[in-house]
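What follows is a short report on a single structure.
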Amino acid sequence: MLKGNPNQQLDPSCVRGASHRQNGFNNNHHHAKQIEKTCTGNGVACRRQRREPFEQAPMYVAVLTYLGFSIVTLFGYFRDLLRAVGLEKCHLAQEREEQRDFVPLYQDFENFYTRNLYMRVRDNWNRPVCSLPGPVFDLMERVSDDYNWTFRLTGRTVENVINMGSYNYLGFAENDADFLKTVAEKTQQYGVGVCSTRQEIGNLSIHEELEQLVASFLRVESSMTFGMGFATNSMNIPALVGKGCLILSDELNHTSLILGARLSGATIRVFKHNNMHSLEKLLREAVCSGQPRTHRPWRKVLIMVEGIYSMEGSVVRLPEIIALKKKYKAYLYLDEAHSIGAVGPSGRGVTELFDLDPADVDVMMGTFTKSFGAAGGYIAGKKELVDYLRSHSHSAVYASAMSPPVTEQIIRAVKCITGVDGSTVGIQRIRQLAANTRYFRAKLKEMGFIIYGDENSPVVPILLYMPGKVVAFSRAMLERKIGVVVVGFPATPITEARARFCLSAAHTRAMLDQVLHHLDEVGDALCLKFSRRKYSPLPELCDGADLEPDS
């Protein structure tokens, strides 16, 4: 993998070594002016984006949450003692008796959480769906006779469950025969699989059509597509940076970004979520001090962020990050998995949301698994960047080409969003998603729930905090035929377990009202309304900070 020349891997006009010593660091007034200029024209929205505080729960909630985990942990150790003396059977994988002297494959402490906590509540995850995962779906009913170690299907179906967990932002996960006509035609023409890589004999004409369409949609020079969204990050980041490079990563970045960064061999430093002071401190230190021990300049400095963070629903502070990137001559890698198609007047993501030039982002990444109702991902930017990745990315060189029907589904969705198909369905869905997002968030705040994220984000986390309430919430909502995703430790901080709702353009107002009605009931029954803020139907007029001039 070529890593010797940094200008050969990313846009040469952007960085000349990323940390040359002639960069100055005493121009803070100019930096403030640069951020202010970047935000000009966005007004209230930009100022609100700079301060996106997450509301803290009352102290008693945190105390009870820690107490709950402590009790569960104590009982877990007690049950492990019972298993050790043979009074309770352990269903988890264990070492064979004759292999006890070998290096252990299964560490007891590593499996403690799975064995004693997760298994007791496993029925809230991995529920088998037996229909189209659209705005409503059907679930296969299952029960457990051994406290969730194993499940058996009852043969019955839970029908018409409202789907509040899928990333079907624009409703393209659909089975309308008229909409899917071209997909069926391409399947008949090309088949289902390619059985080869793009560089061998798997490069189809529709793959090139898709890449041209994506580049035009994003308003960049070039793009390339991959068959798997996760691998788009994990396999391309190692081709862009390596030993002698520095990655500055947001602390809440997705696992695919983290894995790609670790595989690259680059030095990784983490800055606080959406905290520009923390990021600038690391940038200043990187340019002033250089690499450890040798103090040589970093070959490249790469800032990695997401457009919308999938667990918090927060939107990246892109104008300020771009200003810092330009000031310190760094690269910017933007993951728009959840934001492309979901935000912006025409669905072009956070660059459009903030009215920024896409050329200011060195590497634009996104996936087709959410807003486009398909699979795979893309990398877009300057032509030199894409041409380099075509020959150096593991995902491009070794992975099988994208399936033809999946490719056509993405083409269909992009043409619908942009109106190339001659319809207004795409723009109507974008506006419907935005309306659903604002309505749902406003109602939850009015009810008194603590929710995270930006008002434009279709990812809406409701904070539940206590482990027992997480389980009770998921089961209570399913009894009311509402399918939700609940997330807890270790995927979130131990005191911030939550339910994550994902809005869709396919949700009708009646569906949302039904969900809100049941949320209100369950919230009262489980005492989940922890917010101490007073709700206003006109937050943009009542939030005094928004009316103040920029400091």
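Chain labels follow the order of the structure tokens: the first chain is A, the next B, and so on; residue numbering restarts at 1 in every chain, and ligands are counted from 1 in their shown order.
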
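Residues of stretch 422-547 of chain A carrying a DSSP assignment of strand (DSSP E or B), computed from the backbone, are Ile451, Val459, Val460, Pro461, Ile462, Leu463, Leu464, Tyr465, Ile482, Gly483, Val485, Val486, Val487, Ala497, Arg498, Ala499, Arg500, Phe501 and Cys502 of chain A.
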
If DSSP is run on the backbone, what residues of stretch 115-294 of chain A are helix (DSSP H, G or I)? A reply as JSON, numbers by chain would be ideal. {"A": [115, 116, 118, 119, 120, 121, 122, 123, 124, 181, 182, 183, 184, 185, 186, 187, 188, 189, 190, 205, 206, 207, 208, 209, 210, 211, 212, 213, 214, 215, 216, 217, 218, 229, 230, 231, 232, 233, 234, 237, 238, 239, 240, 255, 256, 257, 258, 259, 260, 261, 262, 263, 264, 276, 277, 278, 279, 280, 281, 282, 283, 284, 285, 286, 287, 288, 289]}

Show me, as JSON, numbers by chain, the residues that have an atom within 8 Å of A:Asn274 when counting only C-alpha atoms, minus same-chain residues fewer than 5 positions from it. {"A": [250, 316, 317]}

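Minimum atom-to-atom distances from A:Gly422, A:Gly307, A:Gly76, A:Gly373 to A:Asp335 were compared using only C-alpha atoms, and the lowest value belongs to A:Gly307.
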
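Using only C-alpha atoms, the smallest distance between any of A:Thr367, A:Thr182, A:Thr157, A:Thr495 and A:Ser256 comes from A:Thr367.
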